[in-house]
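*Asks:* Contents are PDB, C-alpha atoms and all ligand atoms; file name model-v9.pdb:
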ATOM      1  CA  MET A   1     120.935 119.803  62.487  1.00  0.00           C
ATOM      2  CA  LYS A   2     124.465 118.886  63.571  1.00  0.00           C
ATOM      3  CA  THR A   3     127.097 121.474  62.701  1.00  0.00           C
ATOM      4  CA  LYS A   4     130.700 122.266  63.574  1.00  0.00           C
ATOM      5  CA  LEU A   5     132.273 125.706  63.367  1.00  0.00           C
ATOM      6  CA  GLU A   6     135.839 125.764  62.086  1.00  0.00           C
ATOM      7  CA  TYR A   7     138.189 128.776  62.099  1.00  0.00           C
ATOM      8  CA  GLN A   8     141.145 129.871  60.038  1.00  0.00           C
ATOM      9  CA  SER A   9     144.316 129.097  61.984  1.00  0.00           C
ATOM     10  CA  ASP A  10     145.419 132.754  62.086  1.00  0.00           C
ATOM     11  CA  ILE A  11     142.105 134.147  63.369  1.00  0.00           C
ATOM     12  CA  THR A  12     142.170 136.964  65.970  1.00  0.00           C
ATOM     13  CA  GLU A  13     140.317 136.579  69.272  1.00  0.00           C
ATOM     14  CA  THR A  14     137.824 139.304  68.341  1.00  0.00           C
ATOM     15  CA  ASN A  15     137.056 137.772  64.958  1.00  0.00           C
ATOM     16  CA  LYS A  16     136.659 134.388  66.584  1.00  0.00           C
ATOM     17  CA  LEU A  17     134.028 135.829  68.910  1.00  0.00           C
ATOM     18  CA  ILE A  18     132.286 137.520  65.971  1.00  0.00           C
ATOM     19  CA  CYS A  19     132.149 134.208  64.093  1.00  0.00           C
ATOM     20  CA  GLU A  20     130.848 132.420  67.158  1.00  0.00           C
ATOM     21  CA  ARG A  21     128.078 134.971  67.634  1.00  0.00           C
ATOM     22  CA  TYR A  22     127.215 134.915  63.939  1.00  0.00           C
ATOM     23  CA  TRP A  23     126.728 131.166  63.840  1.00  0.00           C
ATOM     24  CA  LEU A  24     125.238 130.698  67.294  1.00  0.00           C
ATOM     25  CA  ARG A  25     121.807 129.113  66.909  1.00  0.00           C
ATOM     26  CA  GLU A  26     119.102 128.187  69.309  1.00  0.00           C
ATOM     27  CA  ALA A  27     119.127 124.418  69.890  1.00  0.00           C
ATOM     28  CA  ASP A  28     121.218 124.063  66.703  1.00  0.00           C
ATOM     29  CA  LYS A  29     118.112 124.840  64.650  1.00  0.00           C
ATOM     30  CA  ARG A  30     118.747 125.684  61.009  1.00  0.00           C
ATOM     31  CA  SER A  31     117.585 129.290  61.194  1.00  0.00           C
ATOM     32  CA  GLY A  32     117.426 129.860  64.935  1.00  0.00           C
ATOM     33  CA  PHE A  33     120.118 132.559  64.883  1.00  0.00           C
ATOM     34  CA  ILE A  34     120.392 134.242  68.241  1.00  0.00           C
ATOM     35  CA  TYR A  35     122.205 137.450  67.274  1.00  0.00           C
ATOM     36  CA  THR A  36     121.505 139.751  64.375  1.00  0.00           C
ATOM     37  CA  CYS A  37     124.466 141.200  62.484  1.00  0.00           C
ATOM     38  CA  LYS A  38     123.446 144.585  63.860  1.00  0.00           C
ATOM     39  CA  GLU A  39     123.740 143.344  67.438  1.00  0.00           C
ATOM     40  CA  ILE A  40     127.120 141.742  66.760  1.00  0.00           C
ATOM     41  CA  GLY A  41     128.339 144.913  65.050  1.00  0.00           C
ATOM     42  CA  GLN A  42     127.301 147.037  68.016  1.00  0.00           C
ATOM     43  CA  GLU A  43     128.980 144.692  70.486  1.00  0.00           C
ATOM     44  CA  PHE A  44     132.334 144.725  68.674  1.00  0.00           C
ATOM     45  CA  ASP A  45     132.120 148.201  67.222  1.00  0.00           C
ATOM     46  CA  VAL A  46     132.158 146.933  63.627  1.00  0.00           C
ATOM     47  CA  LYS A  47     129.855 148.036  60.805  1.00  0.00           C
ATOM     48  CA  HIS A  48     127.081 145.434  60.629  1.00  0.00           C
ATOM     49  CA  GLN A  49     127.462 145.215  56.844  1.00  0.00           C
ATOM     50  CA  ASP A  50     131.012 143.958  57.368  1.00  0.00           C
ATOM     51  CA  ILE A  51     130.056 141.087  59.682  1.00  0.00           C
ATOM     52  CA  PRO A  52     129.224 138.510  56.957  1.00  0.00           C
ATOM     53  CA  SER A  53     132.511 139.084  55.137  1.00  0.00           C
ATOM     54  CA  ILE A  54     134.539 138.899  58.356  1.00  0.00           C
ATOM     55  CA  VAL A  55     132.809 135.606  59.131  1.00  0.00           C
ATOM     56  CA  LYS A  56     133.240 134.282  55.600  1.00  0.00           C
ATOM     57  CA  ILE A  57     136.981 134.993  55.544  1.00  0.00           C
ATOM     58  CA  ASN A  58     137.690 133.623  59.015  1.00  0.00           C
ATOM     59  CA  SER A  59     135.472 130.617  59.445  1.00  0.00           C
ATOM     60  CA  HIS A  60     133.082 128.115  57.939  1.00  0.00           C
ATOM     61  CA  LEU A  61     130.323 125.934  59.239  1.00  0.00           C
ATOM     62  CA  VAL A  62     130.552 122.210  58.571  1.00  0.00           C
ATOM     63  CA  VAL A  63     127.058 120.726  58.259  1.00  0.00           C
ATOM     64  CA  LEU A  64     127.725 117.250  59.612  1.00  0.00           C
ATOM     65  CA  ASP A  65     124.378 115.771  58.619  1.00  0.00           C
ATOM     66  CA  CYS A  66     124.459 116.932  54.999  1.00  0.00           C
ATOM     67  CA  GLN A  67     126.493 114.972  52.470  1.00  0.00           C
ATOM     68  CA  CYS A  68     126.704 115.171  48.707  1.00  0.00           C
ATOM     69  CA  ILE A  69     124.361 112.510  47.293  1.00  0.00           C
ATOM     70  CA  ASP A  70     126.986 111.529  44.727  1.00  0.00           C
ATOM     71  CA  CYS A  71     130.408 111.632  46.419  1.00  0.00           C
ATOM     72  CA  GLY A  72     129.524 111.872  50.103  1.00  0.00           C
ATOM     73  CA  LYS A  73     131.431 115.118  50.697  1.00  0.00           C
ATOM     74  CA  THR A  74     130.195 117.056  53.723  1.00  0.00           C
ATOM     75  CA  LYS A  75     128.542 120.420  53.098  1.00  0.00           C
ATOM     76  CA  ILE A  76     130.309 123.589  54.222  1.00  0.00           C
ATOM     77  CA  CYS A  77     128.492 126.914  54.637  1.00  0.00           C
ATOM     78  CA  TYR A  78     130.048 130.354  54.648  1.00  0.00           C
ATOM     79  CA  THR A  79     126.909 132.428  55.109  1.00  0.00           C
ATOM     80  CA  ARG A  80     123.617 132.122  56.972  1.00  0.00           C
ATOM     81  CA  SER A  81     121.604 132.195  53.755  1.00  0.00           C
ATOM     82  CA  GLN A  82     123.553 129.186  52.463  1.00  0.00           C
ATOM     83  CA  LEU A  83     122.515 127.277  55.550  1.00  0.00           C
ATOM     84  CA  ILE A  84     118.881 128.394  55.427  1.00  0.00           C
ATOM     85  CA  ARG A  85     118.536 127.546  51.731  1.00  0.00           C
ATOM     86  CA  LEU A  86     120.324 124.223  52.040  1.00  0.00           C
ATOM     87  CA  ASP A  87     118.520 121.097  50.837  1.00  0.00           C
ATOM     88  CA  THR A  88     120.109 118.596  53.223  1.00  0.00           C
ATOM     89  CA  ILE A  89     118.456 115.558  51.599  1.00  0.00           C
ATOM     90  CA  ARG A  90     119.339 116.150  47.976  1.00  0.00           C
ATOM     91  CA  TRP A  91     122.441 118.336  48.185  1.00  0.00           C
ATOM     92  CA  ARG A  92     125.031 117.828  45.467  1.00  0.00           C
ATOM     93  CA  CYS A  93     128.485 119.444  45.688  1.00  0.00           C
ATOM     94  CA  ASP A  94     129.669 121.830  42.950  1.00  0.00           C
ATOM     95  CA  ASP A  95     132.003 119.268  41.359  1.00  0.00           C
ATOM     96  CA  CYS A  96     129.323 116.595  41.178  1.00  0.00           C
ATOM     97  CA  ARG A  97     126.714 119.042  39.902  1.00  0.00           C
ATOM     98  CA  GLU A  98     129.065 120.116  37.135  1.00  0.00           C
ATOM     99  CA  ALA A  99     129.798 116.476  36.268  1.00  0.00           C
ATOM    100  CA  LEU A 100     126.085 115.703  36.211  1.00  0.00           C
ATOM    101  CA  GLU A 101     125.372 118.616  33.872  1.00  0.00           C
ATOM    102  CA  LYS A 102     128.118 117.424  31.533  1.00  0.00           C
ATOM    103  CA  ARG A 103     126.716 113.885  31.645  1.00  0.00           C
ATOM    104  CA  MET A 104     123.214 115.161  30.849  1.00  0.00           C
ATOM    105  CA  ASP A 105     124.523 117.255  27.933  1.00  0.00           C
ATOM    106  CA  GLN A 106     126.364 114.194  26.633  1.00  0.00           C
ATOM    107  CA  GLU A 107     123.288 112.003  27.019  1.00  0.00           C
ATOM    108  CA  TYR A 108     121.160 114.545  25.178  1.00  0.00           C
ATOM    109  CA  LEU A 109     123.703 114.695  22.374  1.00  0.00           C
ATOM    110  CA  GLU A 110     123.736 110.893  22.110  1.00  0.00           C
ATOM    111  CA  TYR A 111     119.931 110.873  22.132  1.00  0.00           C
ATOM    112  CA  ARG A 112     119.834 113.338  19.242  1.00  0.00           C
ATOM    113  CA  LEU A 113     122.393 111.329  17.270  1.00  0.00           C
ATOM    114  CA  LYS A 114     120.379 108.164  17.859  1.00  0.00           C
ATOM    115  CA  GLN A 115     117.181 109.898  16.678  1.00  0.00           C
ATOM    116  CA  ASP A 116     118.956 111.025  13.524  1.00  0.00           C
ATOM    117  CA  ARG A 117     120.261 107.509  12.962  1.00  0.00           C
ATOM    118  CA  LEU A 118     116.773 106.021  13.399  1.00  0.00           C
ATOM    119  CA  ALA A 119     115.275 108.533  10.977  1.00  0.00           C
ATOM    120  CA  GLU A 120     117.948 107.616   8.425  1.00  0.00           C
ATOM    121  CA  GLU A 121     117.234 103.898   8.942  1.00  0.00           C
ATOM    122  CA  ARG A 122     113.503 104.486   8.454  1.00  0.00           C
ATOM    123  CA  ARG A 123     114.238 106.370   5.249  1.00  0.00           C
ATOM    124  CA  GLN A 124     116.437 103.505   4.014  1.00  0.00           C
ATOM    125  CA  THR A 125     113.793 100.892   4.861  1.00  0.00           C
ATOM    126  CA  ALA A 126     111.138 102.887   3.021  1.00  0.00           C
ATOM    127  CA  LEU A 127     113.419 103.182  -0.014  1.00  0.00           C
ATOM    128  CA  GLU A 128     114.123  99.440   0.013  1.00  0.00           C
ATOM    129  CA  HIS A 129     110.431  98.744   0.275  1.00  0.00           C
ATOM    130  CA  ILE A 130     109.689 100.973  -2.711  1.00  0.00           C
ATOM    131  CA  ASN A 131     112.446  99.310  -4.728  1.00  0.00           C
ATOM    132  CA  GLN A 132     111.157  95.876  -3.783  1.00  0.00           C
ATOM    133  CA  CYS A 133     107.640  96.769  -4.914  1.00  0.00           C
ATOM    134  CA  ARG A 134     109.047  98.072  -8.159  1.00  0.00           C
ATOM    135  CA  ASN A 135     111.044  94.866  -8.703  1.00  0.00           C
ATOM    136  CA  THR A 136     108.048  92.687  -7.893  1.00  0.00           C
ATOM    137  CA  GLN A 137     105.925  94.583 -10.377  1.00  0.00           C
ATOM    138  CA  LEU A 138     108.599  94.243 -13.019  1.00  0.00           C
ATOM    139  CA  SER A 139     109.106  90.525 -12.416  1.00  0.00           C
ATOM    140  CA  SER A 140     105.373  89.825 -12.354  1.00  0.00           C
ATOM    141  CA  ILE A 141     105.167  90.876 -15.956  1.00  0.00           C
ATOM    142  CA  PRO A 142     106.169  87.675 -17.746  1.00  0.00           C
ATOM    143  CA  SER A 143     109.046  87.917 -20.141  1.00  0.00           C
ATOM    144  CA  VAL A 144     108.566  86.969 -23.730  1.00  0.00           C
ATOM    145  CA  THR A 145     110.566  83.747 -23.428  1.00  0.00           C
ATOM    146  CA  GLU A 146     108.557  82.783 -20.356  1.00  0.00           C
ATOM    147  CA  LEU A 147     105.389  83.363 -22.298  1.00  0.00           C
ATOM    148  CA  ASN A 148     106.657  81.172 -24.994  1.00  0.00           C
ATOM    149  CA  ASP A 149     107.503  78.465 -22.483  1.00  0.00           C
ATOM    150  CA  VAL A 150     104.049  78.601 -21.007  1.00  0.00           C
ATOM    151  CA  ASP A 151     102.492  78.493 -24.425  1.00  0.00           C
ATOM    152  CA  LYS A 152     104.656  75.497 -25.254  1.00  0.00           C
ATOM    153  CA  LEU A 153     103.542  73.747 -22.132  1.00  0.00           C
ATOM    154  CA  LEU A 154      99.917  74.503 -22.803  1.00  0.00           C
ATOM    155  CA  LEU A 155     100.296  73.272 -26.323  1.00  0.00           C
ATOM    156  CA  ALA A 156     101.928  70.119 -25.074  1.00  0.00           C
ATOM    157  CA  VAL A 157      99.011  69.176 -22.853  1.00  0.00           C
TER     158      VAL A 157
HETATM  159 ZN    ZN A 201     129.917 115.486  45.319  1.00  0.00          ZN
END
Could you write out this file's structure as structure tokens?
Ligand SMILES: [Zn+2]

*Replies:*
Amino acid sequence: MKTKLEYQSDITETNKLICERYWLREADKRSGFIYTCKEIGQEFDVKHQDIPSIVKINSHLVVLDCQCIDCGKTKICYTRSQLIRLDTIRWRCDDCREALEKRMDQEYLEYRLKQDRLAEERRQTALEHINQCRNTQLSSIPSVTELNDVDKLLLAV
């Protein structure tokens, strides 16, 4: 995993060393962290609970081989757990994830509207069919004048 550590421009020398230690990994492995926060805290006389926040404020790790699958933005980590949990193959940045969720909501809404429209169309078709049947039945009963015509014809033969 290729990564690059970047610091805030106003970082102190001590904090820079703390960040370096925090992110230092064996052979650049994802979770091959060499120092524990406790060890770093002892070395710099800082409470070990404060190490992650010092690191988070002063630096970030650019994960060079992890890009957003939608926009191509490179992933940035602020904590070790972010790096460990990271899905490098299918990572999607916050903006793109939000956009995707909106798109899916919209698609679902359109799907529901379409279903409603189809149900309405089916209802209309059924109604037309019923009306047609009714009309056919009505027209199949010969009218009186028609009967007369037929009778006339028959009489004529
Ligand atoms: Zn993106």

*Asks:* Can you tell me which residues come within 7 Å of ligand ZN 201 (chain A) when counting all atoms listed in the file, ideally as a list in words?

*Replies:* Cys68, Ile69, Asp70, Cys71, Gly72, Lys73, Arg92, Cys93, Asp94, Asp95 and Cys96 of chain A

*Asks:* Report as a tab-separated table the residues of region 50-81 of chain A within 7 Å of region 8-28 of chain A, each with its shortest atom pair and distance in Å (one decimal), using all atoms listed in the file, ordered by chain and increasing residue number.

*Replies:*
residue	atom	partner	partner_atom	distance
A:Val55	CA	A:Cys19	CA	5.2
A:Asn58	CA	A:Gln8	CA	5.2
A:Ser59	CA	A:Gln8	CA	5.8

*Asks:* Looking at all atoms listed in the file, which of A:Gln124, A:Thr3, A:Gln137, A:Thr79 is the one that sits closest to Ser53 (chain A)?

*Replies:*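 For Ser53 (chain A), the nearest of the given residues is A:Thr79.
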
*Asks:* Tell me which of A:Leu113, A:Met1, A:Ile51, A:Ile40 sits closest to Leu64 (chain A), counting all atoms listed in the file.

*Replies:* A:Met1

*Asks:* Which is closer to Tyr78 (chain A) than all the others in A:Gln132, A:Ile34, A:Asn148, A:Val62, using all atoms listed in the file?

*Replies:*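 When distances to Tyr78 (chain A) are compared using all atoms listed in the file, the smallest one comes from A:Val62.
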
*Asks:* Using the chain letters and numbers from the file, which residues does the PyMOL selection byres (((chain A and resi 80) around 10) and not hetatm) grab, as a compact mmCIF listing (two decimals) with C-alpha atoms, in the frame of the given file?

*Replies:*
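As written to disk, out-v6.txt reads:
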# COMPACT_ATOMS: atom_id res chain seq x y z
CA TYR A 22 127.22 134.92 63.94
CA TRP A 23 126.73 131.17 63.84
CA ARG A 30 118.75 125.68 61.01
CA SER A 31 117.58 129.29 61.19
CA PHE A 33 120.12 132.56 64.88
CA PRO A 52 129.22 138.51 56.96
CA LYS A 56 133.24 134.28 55.60
CA LEU A 61 130.32 125.93 59.24
CA CYS A 77 128.49 126.91 54.64
CA TYR A 78 130.05 130.35 54.65
CA THR A 79 126.91 132.43 55.11
CA SER A 81 121.60 132.20 53.76
CA GLN A 82 123.55 129.19 52.46
CA LEU A 83 122.52 127.28 55.55
CA ILE A 84 118.88 128.39 55.43
CA ARG A 85 118.54 127.55 51.73
CA LEU A 86 120.32 124.22 52.04

*Asks:* Rounded to one decimal in Å, what is the spacing between CA of Lys4 (chain A) and CA of Ala99 (chain A)?

*Replies:*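 Computing the Euclidean distance for CA of Lys4 (chain A) and CA of Ala99 (chain A) yields 27.9 Å.
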
*Asks:* Could you tell me how far CA of Ile54 (chain A) sits from CA of Lys38 (chain A), in Å to one decimal place?

*Replies:* 13.6 Å

*Asks:* Rebuild region 40-69 of chain A to N, CA and C atoms - output it as a CSV table (one decimal), in the frame of the given file, please.

*Replies:*
chain,number,residue,atom,x,y,z
A,40,ILE,N,125.7,142.1,66.7
A,40,ILE,CA,127.1,141.7,66.8
A,40,ILE,C,128.0,143.0,66.4
A,41,GLY,N,127.6,143.7,65.4
A,41,GLY,CA,128.3,144.9,65.0
A,41,GLY,C,128.4,145.9,66.2
A,42,GLN,N,127.3,146.1,66.9
A,42,GLN,CA,127.3,147.0,68.0
A,42,GLN,C,128.2,146.5,69.1
A,43,GLU,N,128.2,145.2,69.4
A,43,GLU,CA,129.0,144.7,70.5
A,43,GLU,C,130.5,144.9,70.2
A,44,PHE,N,130.9,144.7,69.0
A,44,PHE,CA,132.3,144.7,68.7
A,44,PHE,C,132.8,146.0,68.0
A,45,ASP,N,131.8,146.9,67.9
A,45,ASP,CA,132.1,148.2,67.2
A,45,ASP,C,132.6,148.0,65.8
A,46,VAL,N,131.9,147.2,65.0
A,46,VAL,CA,132.2,146.9,63.6
A,46,VAL,C,130.9,147.3,62.8
A,47,LYS,N,131.0,147.8,61.6
A,47,LYS,CA,129.9,148.0,60.8
A,47,LYS,C,129.1,146.7,60.5
A,48,HIS,N,127.8,146.7,60.7
A,48,HIS,CA,127.1,145.4,60.6
A,48,HIS,C,127.1,144.8,59.2
A,49,GLN,N,127.3,145.7,58.2
A,49,GLN,CA,127.5,145.2,56.8
A,49,GLN,C,128.7,144.4,56.7
A,50,ASP,N,129.7,144.7,57.5
A,50,ASP,CA,131.0,144.0,57.4
A,50,ASP,C,131.0,142.6,58.1
A,51,ILE,N,130.1,142.3,58.9
A,51,ILE,CA,130.1,141.1,59.7
A,51,ILE,C,130.1,139.8,58.8
A,52,PRO,N,129.2,139.7,57.8
A,52,PRO,CA,129.2,138.5,57.0
A,52,PRO,C,130.6,138.3,56.3
A,53,SER,N,131.2,139.3,55.8
A,53,SER,CA,132.5,139.1,55.1
A,53,SER,C,133.6,138.7,56.1
A,54,ILE,N,133.6,139.3,57.3
A,54,ILE,CA,134.5,138.9,58.4
A,54,ILE,C,134.4,137.4,58.7
A,55,VAL,N,133.1,137.0,58.8
A,55,VAL,CA,132.8,135.6,59.1
A,55,VAL,C,133.2,134.7,58.0
A,56,LYS,N,132.9,135.1,56.8
A,56,LYS,CA,133.2,134.3,55.6
A,56,LYS,C,134.7,134.1,55.4
A,57,ILE,N,135.5,135.1,55.7
A,57,ILE,CA,137.0,135.0,55.5
A,57,ILE,C,137.6,134.1,56.7
A,58,ASN,N,137.0,134.2,57.8
A,58,ASN,CA,137.7,133.6,59.0
A,58,ASN,C,137.2,132.3,59.5
A,59,SER,N,136.0,131.9,58.9
A,59,SER,CA,135.5,130.6,59.4
A,59,SER,C,134.5,130.0,58.4
A,60,HIS,N,134.1,128.8,58.7
A,60,HIS,CA,133.1,128.1,57.9
A,60,HIS,C,132.4,127.1,58.8
A,61,LEU,N,131.1,126.9,58.5
A,61,LEU,CA,130.3,125.9,59.2
A,61,LEU,C,130.2,124.6,58.5
A,62,VAL,N,130.7,123.5,59.2
A,62,VAL,CA,130.6,122.2,58.6
A,62,VAL,C,129.2,121.6,59.0
A,63,VAL,N,128.4,121.3,58.0
A,63,VAL,CA,127.1,120.7,58.3
A,63,VAL,C,127.2,119.2,58.3
A,64,LEU,N,127.4,118.7,59.5
A,64,LEU,CA,127.7,117.2,59.6
A,64,LEU,C,126.7,116.3,59.1
A,65,ASP,N,125.4,116.7,59.1
A,65,ASP,CA,124.4,115.8,58.6
A,65,ASP,C,123.9,116.1,57.2
A,66,CYS,N,124.8,116.7,56.4
A,66,CYS,CA,124.5,116.9,55.0
A,66,CYS,C,125.6,116.5,54.1
A,67,GLN,N,125.4,115.5,53.4
A,67,GLN,CA,126.5,115.0,52.5
A,67,GLN,C,126.0,115.0,51.0
A,68,CYS,N,127.0,115.2,50.1
A,68,CYS,CA,126.7,115.2,48.7
A,68,CYS,C,126.1,113.8,48.4
A,69,ILE,N,125.0,113.8,47.6
A,69,ILE,CA,124.4,112.5,47.3
A,69,ILE,C,125.2,111.7,46.3
